[in-house]
Amino acid sequence: MTAERGALPEGPNLAVRTAFGMGAMSAGVLTQALNTLALLFYNQVIGMSPATVGLALMISLIFDAFWDPAIGLWSDNTRSRMGRRHPFMYAAIVPAGVAFWLLWSPPAGLSEAGNFAWLLGTLLAVRFFSSLYEVPSTALAPELAPGYNARTGLLGLRYFWGVLGAVLTSVLAFQIFLSERNGGLTNREGFAANGLAGAVIISITLLISCLGTHRAAGRFTPPPEAPRHPSALLGEIWSALTNRNFSAIMIAGLFAGTASGLTSGLSMYFNLYFWGLSTDDLTLLTMAGLVASVIGVFLAPAVARRWGKKQVALALFGLSVVTAVMPMALRLLGVLPGNDWPGLMPLLFVETLIAATMGLMWMIIVTSMLADVVEDNAVRTGRRSEGLFFAANSILAKSVTGVGTLGAGLMLTAVNFPRHAGPGQVSQEMIHALGLIYLPAALVLSALALASLVFFRIDQAKHEENLSLLRSGALADETIGESHVSLREGR
């Protein structure tokens, strides 16, 4: 058995890299819309309580814990003329777009329970079809770019396209469909139109990505022809979960994802009510994120190659957290002037640019570290389990982000944040109280994420050793036999 058969020497050509990256636009559209607009829309426009909206968002994310690993494991073991991943990716193209559009078009006149059912049902559909594409698509990365540094660049490009999708979503929302010139962020029809535009972007980019990566995937290692016994599948899952390096990333993701859920759930509330920003201001901050993605895509592979992935990831995450919370902390301490200060927007722009650049670089490098775990685990098991690893990491991130989103809703409830409140209609005492709850929680969670990542152990030398062992084939065959014996003996 040669685990690297058919893999590209270092990385794919430009056309394949672009198609692989472009698929992340759909995730960017979905993530930006859900993180910045969903809680606001169903709370302030539809009139649901923030805790109820947060509960629906959390439930939908936890459901991914059931289907993400199933999709990943299924795609790992699928044999078809299109390869292991593409049957799932193609199946998601149309329903992913339709489900996203329906999310922003709830029927008028529904009760609180009716709105909850609509929100939860459409969220589940959106999450499922997004996973049906995203899990197999992301799992292409280790075989598209087996090289230690090449995969960092490939994943950086994918994150760039994801940010581009998020920026496009924000520009369409804040400058067209939900701009103050067209009714603002309380315009129900604007949300529906914005949802339709997002749905079209999702389906088109998924189609382009599927077609562009289809041919390259035919060169990858196929799964064994013989169907696998359930005990072998359980053994594969157990092996993944007990991999020390994977556990370090998973636990770090648990804390970072919860902090991210809190931040994303409350970001629009802070932007509108704490900082008093207009939709034009929000667009400007979004553009800072786009600039950050360009910088991050070029810098992440270079700094990881120079200083090592783990060391750079730890430094970037810590600095990004400090930078992100600094303006709010200064305001709460009474150091930063009020919202009429002319330097406020320049300060927020620079802070967003720096924090987003470092945060994006951290995500690129940690995802590349996750890809390195694939070969590390294959040395132990003789099997490539990209789908399982990326699915497991994805479900944890989604689930704990859902917990964070629920926490954001509970924080809004704790300070008695009003419904249908326009900018300027919420007291600064209330919004400051919200900040005093949020900041300590986000900082503690981020510190725990940083501490967890210290236990990751794969560097470039270890990765190249793993590739050499897998290419030899001998260790893989020996490990398979040992794993089967271990399963039979209950070890």
# chains A, B, ... in the order shown; residues from 1 in each chain; ligands from 1
call {"tool": "residues_around", "arguments": {"residues": "stretch 268-275 of chain A", "least_positions_apart": "4", "cutoff": "10 Å", "atoms": "only C-alpha atoms", "output": "PDB file with N, CA and C atoms, in the first residue's frame"}}
result
ATOM      1  N   ASN A  35     -23.149  35.119  11.459  1.00  0.00           N
ATOM      2  CA  ASN A  35     -22.475  35.702  12.610  1.00  0.00           C
ATOM      3  C   ASN A  35     -22.869  37.146  12.864  1.00  0.00           C
ATOM      4  N   THR A  36     -23.088  37.909  11.811  1.00  0.00           N
ATOM      5  CA  THR A  36     -23.338  39.344  12.003  1.00  0.00           C
ATOM      6  C   THR A  36     -24.798  39.743  11.868  1.00  0.00           C
ATOM      7  N   LEU A  37     -25.605  38.953  11.159  1.00  0.00           N
ATOM      8  CA  LEU A  37     -26.962  39.409  10.849  1.00  0.00           C
ATOM      9  C   LEU A  37     -28.077  38.554  11.435  1.00  0.00           C
ATOM     10  N   LEU A  39     -28.746  36.945  14.409  1.00  0.00           N
ATOM     11  CA  LEU A  39     -29.277  37.317  15.725  1.00  0.00           C
ATOM     12  C   LEU A  39     -29.969  38.662  15.662  1.00  0.00           C
ATOM     13  N   LEU A  40     -29.355  39.616  14.956  1.00  0.00           N
ATOM     14  CA  LEU A  40     -29.951  40.947  14.811  1.00  0.00           C
ATOM     15  C   LEU A  40     -31.288  40.877  14.073  1.00  0.00           C
ATOM     16  N   LEU A 185     -30.924  48.608   8.784  1.00  0.00           N
ATOM     17  CA  LEU A 185     -30.824  47.244   9.295  1.00  0.00           C
ATOM     18  C   LEU A 185     -32.108  46.739   9.948  1.00  0.00           C
ATOM     19  N   THR A 263     -18.106  36.620  20.422  1.00  0.00           N
ATOM     20  CA  THR A 263     -17.720  37.828  19.691  1.00  0.00           C
ATOM     21  C   THR A 263     -18.612  38.061  18.478  1.00  0.00           C
ATOM     22  N   SER A 264     -18.818  37.013  17.688  1.00  0.00           N
ATOM     23  CA  SER A 264     -19.626  37.176  16.477  1.00  0.00           C
ATOM     24  C   SER A 264     -21.082  37.484  16.807  1.00  0.00           C
ATOM     25  N   THR A 279     -23.875  52.237   8.523  1.00  0.00           N
ATOM     26  CA  THR A 279     -23.630  51.138   7.580  1.00  0.00           C
ATOM     27  C   THR A 279     -22.416  51.428   6.707  1.00  0.00           C
ATOM     28  N   ASP A 281     -19.742  53.021   7.814  1.00  0.00           N
ATOM     29  CA  ASP A 281     -18.621  52.685   8.701  1.00  0.00           C
ATOM     30  C   ASP A 281     -18.389  51.172   8.736  1.00  0.00           C
ATOM     31  N   LEU A 282     -19.484  50.415   8.791  1.00  0.00           N
ATOM     32  CA  LEU A 282     -19.374  48.962   8.829  1.00  0.00           C
ATOM     33  C   LEU A 282     -18.737  48.430   7.548  1.00  0.00           C
ATOM     34  N   MET A 328     -12.231  48.496  23.165  1.00  0.00           N
ATOM     35  CA  MET A 328     -13.340  48.397  24.104  1.00  0.00           C
ATOM     36  C   MET A 328     -12.857  48.506  25.543  1.00  0.00           C
ATOM     37  N   ARG A 331     -12.193  52.104  26.326  1.00  0.00           N
ATOM     38  CA  ARG A 331     -13.438  52.858  26.499  1.00  0.00           C
ATOM     39  C   ARG A 331     -14.039  52.568  27.874  1.00  0.00           C
ATOM     40  N   GLY A 338     -15.299  59.787  23.549  1.00  0.00           N
ATOM     41  CA  GLY A 338     -16.623  59.352  23.118  1.00  0.00           C
ATOM     42  C   GLY A 338     -16.713  59.124  21.623  1.00  0.00           C
ATOM     43  N   ASN A 339     -17.917  58.745  21.162  1.00  0.00           N
ATOM     44  CA  ASN A 339     -18.109  58.393  19.759  1.00  0.00           C
ATOM     45  C   ASN A 339     -18.023  59.586  18.813  1.00  0.00           C
ATOM     46  N   ASP A 340     -18.033  60.807  19.347  1.00  0.00           N
ATOM     47  CA  ASP A 340     -17.878  61.980  18.496  1.00  0.00           C
ATOM     48  C   ASP A 340     -16.411  62.331  18.249  1.00  0.00           C
ATOM     49  N   LEU A 344     -11.918  58.120  16.111  1.00  0.00           N
ATOM     50  CA  LEU A 344     -12.490  56.815  16.444  1.00  0.00           C
ATOM     51  C   LEU A 344     -12.435  55.842  15.264  1.00  0.00           C
ATOM     52  N   MET A 345     -12.935  56.265  14.101  1.00  0.00           N
ATOM     53  CA  MET A 345     -12.960  55.355  12.953  1.00  0.00           C
ATOM     54  C   MET A 345     -11.563  54.980  12.480  1.00  0.00           C
ATOM     55  N   LEU A 348     -10.438  52.307  14.936  1.00  0.00           N
ATOM     56  CA  LEU A 348     -11.125  51.029  14.743  1.00  0.00           C
ATOM     57  C   LEU A 348     -10.686  50.354  13.447  1.00  0.00           C
ATOM     58  N   LEU A 412     -27.292  39.282  26.377  1.00  0.00           N
ATOM     59  CA  LEU A 412     -28.249  40.329  25.995  1.00  0.00           C
ATOM     60  C   LEU A 412     -29.478  40.283  26.894  1.00  0.00           C
ATOM     61  N   PHE A 417     -31.658  43.808  27.214  1.00  0.00           N
ATOM     62  CA  PHE A 417     -31.531  44.562  25.963  1.00  0.00           C
ATOM     63  C   PHE A 417     -32.876  44.596  25.255  1.00  0.00           C
ATOM     64  N   ALA A 421     -34.996  47.998  18.819  1.00  0.00           N
ATOM     65  CA  ALA A 421     -34.306  49.217  19.244  1.00  0.00           C
ATOM     66  C   ALA A 421     -33.392  49.705  18.139  1.00  0.00           C
ATOM     67  N   GLY A 422     -33.572  50.957  17.716  1.00  0.00           N
ATOM     68  CA  GLY A 422     -32.709  51.544  16.714  1.00  0.00           C
ATOM     69  C   GLY A 422     -31.442  52.091  17.345  1.00  0.00           C
ATOM     70  N   PRO A 423     -30.415  52.391  16.504  1.00  0.00           N
ATOM     71  CA  PRO A 423     -29.191  53.004  17.032  1.00  0.00           C
ATOM     72  C   PRO A 423     -29.508  54.296  17.777  1.00  0.00           C
ATOM     73  N   GLY A 424     -28.888  54.487  18.929  1.00  0.00           N
ATOM     74  CA  GLY A 424     -29.140  55.667  19.739  1.00  0.00           C
ATOM     75  C   GLY A 424     -30.278  55.522  20.710  1.00  0.00           C
ATOM     76  N   GLN A 425     -30.984  54.372  20.679  1.00  0.00           N
ATOM     77  CA  GLN A 425     -32.134  54.164  21.553  1.00  0.00           C
ATOM     78  C   GLN A 425     -31.811  53.258  22.733  1.00  0.00           C
ATOM     79  N   VAL A 426     -30.541  52.922  22.909  1.00  0.00           N
ATOM     80  CA  VAL A 426     -30.116  52.076  24.031  1.00  0.00           C
ATOM     81  C   VAL A 426     -29.137  52.881  24.872  1.00  0.00           C
ATOM     82  N   SER A 427     -29.327  52.879  26.188  1.00  0.00           N
ATOM     83  CA  SER A 427     -28.477  53.673  27.062  1.00  0.00           C
ATOM     84  C   SER A 427     -27.047  53.136  27.065  1.00  0.00           C
ATOM     85  N   GLN A 428     -26.083  54.051  27.223  1.00  0.00           N
ATOM     86  CA  GLN A 428     -24.688  53.649  27.285  1.00  0.00           C
ATOM     87  C   GLN A 428     -24.406  52.811  28.527  1.00  0.00           C
ATOM     88  N   GLU A 429     -25.155  53.033  29.592  1.00  0.00           N
ATOM     89  CA  GLU A 429     -24.975  52.226  30.795  1.00  0.00           C
ATOM     90  C   GLU A 429     -25.267  50.754  30.495  1.00  0.00           C
ATOM     91  N   MET A 430     -26.324  50.510  29.712  1.00  0.00           N
ATOM     92  CA  MET A 430     -26.703  49.140  29.383  1.00  0.00           C
ATOM     93  C   MET A 430     -25.654  48.495  28.479  1.00  0.00           C
ATOM     94  N   ILE A 431     -25.201  49.220  27.466  1.00  0.00           N
ATOM     95  CA  ILE A 431     -24.246  48.630  26.533  1.00  0.00           C
ATOM     96  C   ILE A 431     -22.884  48.463  27.191  1.00  0.00           C
ATOM     97  N   HIS A 432     -22.529  49.345  28.140  1.00  0.00           N
ATOM     98  CA  HIS A 432     -21.280  49.185  28.883  1.00  0.00           C
ATOM     99  C   HIS A 432     -21.360  47.973  29.811  1.00  0.00           C
ATOM    100  N   LEU A 434     -23.008  45.322  29.186  1.00  0.00           N
ATOM    101  CA  LEU A 434     -22.825  44.181  28.297  1.00  0.00           C
ATOM    102  C   LEU A 434     -21.331  43.948  28.024  1.00  0.00           C
ATOM    103  N   GLY A 435     -20.597  45.031  27.787  1.00  0.00           N
ATOM    104  CA  GLY A 435     -19.166  44.911  27.552  1.00  0.00           C
ATOM    105  C   GLY A 435     -18.413  44.371  28.746  1.00  0.00           C
TER     106      GLY A 435
END
call {"tool": "closest_atom_pairs", "arguments": {"of": "stretch 14-100 of chain A", "to": "stretch 284-308 of chain A", "cutoff": "12 Å", "atoms": "only C-alpha atoms", "output": "JSON lines"}}
result
{"residue": "A:Gly21", "atom": "CA", "partner": "A:Val297", "partner_atom": "CA", "distance": 11.6}
{"residue": "A:Gly28", "atom": "CA", "partner": "A:Leu290", "partner_atom": "CA", "distance": 11.7}
{"residue": "A:Gln32", "atom": "CA", "partner": "A:Thr286", "partner_atom": "CA", "distance": 10.3}
{"residue": "A:Thr36", "atom": "CA", "partner": "A:Thr286", "partner_atom": "CA", "distance": 11.4}
call {"tool": "write_last_selection", "arguments": {"atoms": "C-alpha atoms", "output": "PDB file, in the first residue's frame"}}
result
ATOM      1  CA  GLY A  21     -10.076  28.285  -2.808  1.00  0.00           C
ATOM      2  CA  GLY A  28     -17.609  33.103   3.861  1.00  0.00           C
ATOM      3  CA  GLN A  32     -20.635  36.374   7.776  1.00  0.00           C
ATOM      4  CA  THR A  36     -23.338  39.344  12.003  1.00  0.00           C
TER       5      THR A  36
END
call {"tool": "residues_around", "arguments": {"residues": "A:Ala371", "least_positions_apart": "6", "cutoff": "8 Å", "atoms": "only C-alpha atoms", "output": "ChimeraX atom specification"}}
result
/A:141-142,151,386
call {"tool": "closest_residue", "arguments": {"among": "A:Leu34, A:Arg85, A:Gly162, A:Leu144", "to": "A:Leu103", "atoms": "only C-alpha atoms"}}
result
A:Leu34
call {"tool": "residues_around", "arguments": {"residues": "stretch 187-201 of chain A", "least_positions_apart": "6", "cutoff": "7 Å", "atoms": "only C-alpha atoms", "output": "list in words"}}
result
Ser26, Val29, Val45, Gly97, Val98, Phe100, Trp101, Trp104, Ser105, Thr169, Leu172, Ala173, Phe177 and Leu178 of chain A
call {"tool": "write_last_selection", "arguments": {"atoms": "C-alpha atoms", "output": "PDB file, in the first residue's frame"}}
result
ATOM      1  CA  SER A  26     -19.832  30.005   0.109  1.00  0.00           C
ATOM      2  CA  VAL A  29     -21.072  34.219   2.771  1.00  0.00           C
ATOM      3  CA  VAL A  45     -36.688  42.758  12.937  1.00  0.00           C
ATOM      4  CA  GLY A  97     -28.419  28.087  -2.050  1.00  0.00           C
ATOM      5  CA  VAL A  98     -32.157  27.461  -1.661  1.00  0.00           C
ATOM      6  CA  PHE A 100     -29.875  30.016   2.600  1.00  0.00           C
ATOM      7  CA  TRP A 101     -32.510  32.088   0.783  1.00  0.00           C
ATOM      8  CA  TRP A 104     -34.055  35.153   5.450  1.00  0.00           C
ATOM      9  CA  SER A 105     -37.645  34.864   4.197  1.00  0.00           C
ATOM     10  CA  THR A 169     -21.816  39.741   1.727  1.00  0.00           C
ATOM     11  CA  LEU A 172     -24.142  43.924  -0.534  1.00  0.00           C
ATOM     12  CA  ALA A 173     -25.863  44.216   2.845  1.00  0.00           C
ATOM     13  CA  PHE A 177     -29.962  45.936   0.541  1.00  0.00           C
ATOM     14  CA  LEU A 178     -29.649  47.133   4.166  1.00  0.00           C
TER      15      LEU A 178
END
call {"tool": "residues_around", "arguments": {"residues": "A:Leu140", "least_positions_apart": "3", "cutoff": "12 Å", "atoms": "only C-alpha atoms", "output": "MDAnalysis selection string"}}
result
chainID A and resid 7:8 11:12 16:17 19:21 23 72 75:76 83:86 89 133:137 143:146 151 154:155 158 209:210 213:214 216:221 371 374 384:390
call {"tool": "atom_distance", "arguments": {"atom1": "atom CA of A:Gly409", "atom2": "atom CA of A:Ala51"}}
result
4.4 Å
call {"tool": "select_by_dssp", "arguments": {"residues": "stretch 356-443 of chain A", "states": "helix (DSSP H, G or I)", "output": "PyMOL selection string"}}
result
chain A and resi 356-381+386-414+428-443
call {"tool": "write_last_selection", "arguments": {"atoms": "C-alpha atoms", "output": "PDB file, in the first residue's frame"}}
result
ATOM      1  CA  ALA A 356      -7.933  40.451  11.363  1.00  0.00           C
ATOM      2  CA  THR A 357      -4.532  39.946   9.731  1.00  0.00           C
ATOM      3  CA  MET A 358      -3.120  38.094  12.721  1.00  0.00           C
ATOM      4  CA  GLY A 359      -6.345  36.185  13.329  1.00  0.00           C
ATOM      5  CA  LEU A 360      -6.520  35.029   9.706  1.00  0.00           C
ATOM      6  CA  MET A 361      -2.873  33.979   9.721  1.00  0.00           C
ATOM      7  CA  TRP A 362      -3.538  31.985  12.906  1.00  0.00           C
ATOM      8  CA  MET A 363      -6.451  30.152  11.258  1.00  0.00           C
ATOM      9  CA  ILE A 364      -4.459  29.399   8.100  1.00  0.00           C
ATOM     10  CA  ILE A 365      -1.525  27.981  10.046  1.00  0.00           C
ATOM     11  CA  VAL A 366      -3.640  25.961  12.497  1.00  0.00           C
ATOM     12  CA  THR A 367      -5.594  24.436   9.595  1.00  0.00           C
ATOM     13  CA  SER A 368      -2.273  23.538   7.975  1.00  0.00           C
ATOM     14  CA  MET A 369      -1.215  21.958  11.289  1.00  0.00           C
ATOM     15  CA  LEU A 370      -4.433  19.926  11.217  1.00  0.00           C
ATOM     16  CA  ALA A 371      -3.558  18.726   7.715  1.00  0.00           C
ATOM     17  CA  ASP A 372      -0.190  17.564   9.057  1.00  0.00           C
ATOM     18  CA  VAL A 373      -2.023  15.335  11.545  1.00  0.00           C
ATOM     19  CA  VAL A 374      -3.446  13.321   8.610  1.00  0.00           C
ATOM     20  CA  GLU A 375      -0.065  11.796   7.752  1.00  0.00           C
ATOM     21  CA  ASP A 376       0.887  11.505  11.408  1.00  0.00           C
ATOM     22  CA  ASN A 377      -2.193   9.389  12.027  1.00  0.00           C
ATOM     23  CA  ALA A 378      -1.723   7.440   8.788  1.00  0.00           C
ATOM     24  CA  VAL A 379       1.655   6.255  10.098  1.00  0.00           C
ATOM     25  CA  ARG A 380      -0.212   4.731  13.045  1.00  0.00           C
ATOM     26  CA  THR A 381      -3.172   3.293  11.118  1.00  0.00           C
ATOM     27  CA  GLU A 386      -8.815  13.500   5.896  1.00  0.00           C
ATOM     28  CA  GLY A 387     -12.591  13.641   5.890  1.00  0.00           C
ATOM     29  CA  LEU A 388     -12.851  12.345   9.438  1.00  0.00           C
ATOM     30  CA  PHE A 389     -10.217  14.734  10.796  1.00  0.00           C
ATOM     31  CA  PHE A 390     -11.570  17.850   9.123  1.00  0.00           C
ATOM     32  CA  ALA A 391     -15.137  16.875  10.033  1.00  0.00           C
ATOM     33  CA  ALA A 392     -14.260  16.270  13.680  1.00  0.00           C
ATOM     34  CA  ASN A 393     -12.461  19.603  13.892  1.00  0.00           C
ATOM     35  CA  SER A 394     -15.361  21.300  12.116  1.00  0.00           C
ATOM     36  CA  ILE A 395     -18.063  19.914  14.387  1.00  0.00           C
ATOM     37  CA  LEU A 396     -16.226  20.950  17.508  1.00  0.00           C
ATOM     38  CA  ALA A 397     -15.689  24.461  16.177  1.00  0.00           C
ATOM     39  CA  LYS A 398     -19.330  24.714  15.116  1.00  0.00           C
ATOM     40  CA  SER A 399     -20.734  23.260  18.317  1.00  0.00           C
ATOM     41  CA  VAL A 400     -18.777  25.446  20.680  1.00  0.00           C
ATOM     42  CA  THR A 401     -19.402  28.479  18.483  1.00  0.00           C
ATOM     43  CA  GLY A 402     -23.065  27.652  18.952  1.00  0.00           C
ATOM     44  CA  VAL A 403     -22.533  27.597  22.709  1.00  0.00           C
ATOM     45  CA  GLY A 404     -20.862  30.995  22.403  1.00  0.00           C
ATOM     46  CA  THR A 405     -23.772  32.314  20.348  1.00  0.00           C
ATOM     47  CA  LEU A 406     -26.205  31.092  22.989  1.00  0.00           C
ATOM     48  CA  GLY A 407     -24.008  32.821  25.563  1.00  0.00           C
ATOM     49  CA  ALA A 408     -24.287  36.047  23.561  1.00  0.00           C
ATOM     50  CA  GLY A 409     -28.078  35.768  23.616  1.00  0.00           C
ATOM     51  CA  LEU A 410     -28.055  35.114  27.355  1.00  0.00           C
ATOM     52  CA  MET A 411     -25.809  38.128  27.933  1.00  0.00           C
ATOM     53  CA  LEU A 412     -28.249  40.329  25.995  1.00  0.00           C
ATOM     54  CA  THR A 413     -31.076  38.920  28.094  1.00  0.00           C
ATOM     55  CA  ALA A 414     -29.109  39.507  31.320  1.00  0.00           C
ATOM     56  CA  GLN A 428     -24.688  53.649  27.285  1.00  0.00           C
ATOM     57  CA  GLU A 429     -24.975  52.226  30.795  1.00  0.00           C
ATOM     58  CA  MET A 430     -26.703  49.140  29.383  1.00  0.00           C
ATOM     59  CA  ILE A 431     -24.246  48.630  26.533  1.00  0.00           C
ATOM     60  CA  HIS A 432     -21.280  49.185  28.883  1.00  0.00           C
ATOM     61  CA  ALA A 433     -22.707  46.562  31.246  1.00  0.00           C
ATOM     62  CA  LEU A 434     -22.825  44.181  28.297  1.00  0.00           C
ATOM     63  CA  GLY A 435     -19.166  44.911  27.552  1.00  0.00           C
ATOM     64  CA  LEU A 436     -18.161  44.282  31.164  1.00  0.00           C
ATOM     65  CA  ILE A 437     -19.729  40.807  30.967  1.00  0.00           C
ATOM     66  CA  TYR A 438     -18.297  39.996  27.542  1.00  0.00           C
ATOM     67  CA  LEU A 439     -14.643  41.069  27.867  1.00  0.00           C
ATOM     68  CA  PRO A 440     -13.558  38.872  30.821  1.00  0.00           C
ATOM     69  CA  ALA A 441     -15.291  35.828  29.354  1.00  0.00           C
ATOM     70  CA  ALA A 442     -13.634  36.272  25.941  1.00  0.00           C
ATOM     71  CA  LEU A 443     -10.177  36.811  27.459  1.00  0.00           C
TER      72      LEU A 443
END
